[in-house]
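Engineer: This structure is in structure tokens; I'll ask about it shortly.
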Amino acid sequence: MAAKEKKKREPMAPLRLWLPAVTLGWLVPGGGHFLLKRSIRGSLLLFAVASMFLLGIMMRGVMFLPRTGDLLTTVIHCGGFLGNLASGVFYLLTVWLGYVQPDAAGHMHDYGTKFLVTAGLLNVLAMVDAYEIAAGKKD
Amino acid sequence: MPLVSLSHFEAALLFALFTSIVMGVVGKNTDRERLRYGVRCFAWFAFALLAIGWVMRLGHG
């Protein structure tokens with residue numbers, strides 16, 4: 001019982017251990033793994049996230065902007081925006097270069113939008129992995 | 001940036017491929033386990049894609 005209690009309250013690893021890896025991992029997908037000398041895994045993550053994002057752009061997917069309204073609108077637009085933002089430098093570059101795609105009917109646009117959000121969500125998984133490696137919770 | 005046009009099947013397979021790569025990389029602890037997990041994820045994605053596709057096809061008549 002006491003051991004369980006102790007395990008639950010395991011302190012968080014110091015910020016200086018994981019913050020650079022997680023921040024770099026957000027900015028450049030796989031970057032956290034490169035920083036932690038996991039180059040092959042970092043390359044695979046960069047390849048997967050970059051390919052997904054680029055395909056999303058080539059399918060003319062829509063970038064979400066945070067918008068509030070009823071619950072569903074808020075969840076879809078704010079969640080979609082966070083998903084897009086999680087792609088790091090790809091998102092920032094795309095916005096900086098002025099990519100604007102109006103919402104249009106068609107399965108290709110829909111797939112593109114999903115690819116763009118999923119690229120960000122996959123990068124979140126990569127960031128969590130980088131955090132666990134940096135904090136010593138995982139090899 | 002060129003415009004690509006893929007079928008539902010091609011787009012979903014590409015989605016499955018990239019997602020499986022990331023899940024394989026972050027999911028397990030050894031390289032062998034990662035490879036197996038990634039391949040298994042992709043196989044399940046492909047299976048679900050075909051199965052749900054057929055369900056919809058048969059459902060529509």
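Labels for the structure tokens follow display order: chains A, B, ..., residues from 1 in each chain, ligands from 1.
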What residues in chain A lie within 6 Å of chain B, counting only C-alpha atoms, written as a VMD selection string?
Structural biologist: chain A and resid 45 48 58 to 59 129
Engineer: Can you list, as a VMD selection string, all residues belonging to chain B that DSSP tags as helix (DSSP H, G or I)?
Structural biologist: chain B and resid 8 to 27 31 to 60
Engineer: Find the residues around A:Asp103 up to 12 Å (only C-alpha atoms counted), leave out those fewer than 5 positions away in its own chain, and share them as a list in words.
Structural biologist: Arg60, Gly61, Val62, Met63, Phe64, Leu65, Met108, His109, Asp110, Gly112 and Thr113 of chain A
Engineer: What's around A:Pro20 at 10 Å? Count only C-alpha atoms, leave out sequence neighbours fewer than 6 positions away in its own chain, and write the answer as a list in words.
Structural biologist: Trp26, Gly31, Gly32, Leu35, Leu36, Ala130, Tyr131 and Ala134 of chain A
Engineer: Considering only C-alpha atoms, return as a CSV table (one decimal) with C-alpha atoms, in the first residue's frame whatever protein or nucleic-acid residues lie within 12 Å of B:Ala48, sequence-local ones (same chain, fewer than 5 positions apart) excluded.
Structural biologist:
```
chain,number,residue,atom,x,y,z
B,9,PHE,CA,-8.0,3.5,-50.5
B,12,ALA,CA,-6.2,5.6,-46.1
B,13,LEU,CA,-3.2,3.3,-46.8
B,16,ALA,CA,-2.0,3.8,-42.0
B,41,CYS,CA,-0.4,-1.8,-36.6
B,42,PHE,CA,-0.2,-1.5,-40.3
B,43,ALA,CA,-1.8,-4.9,-40.9
B,53,GLY,CA,-15.1,-0.8,-46.8
B,54,TRP,CA,-16.9,-4.0,-47.5
B,55,VAL,CA,-19.4,-3.4,-44.7
B,56,MET,CA,-20.2,0.0,-46.3
```
Engineer: Report, in Å to a single decimal, how far apart atom CA of B:Leu49 and atom CA of A:Val128 are.
Structural biologist: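 About the pair atom CA of A:Val128 and atom CA of B:Leu49: they are 27.7 Å apart.
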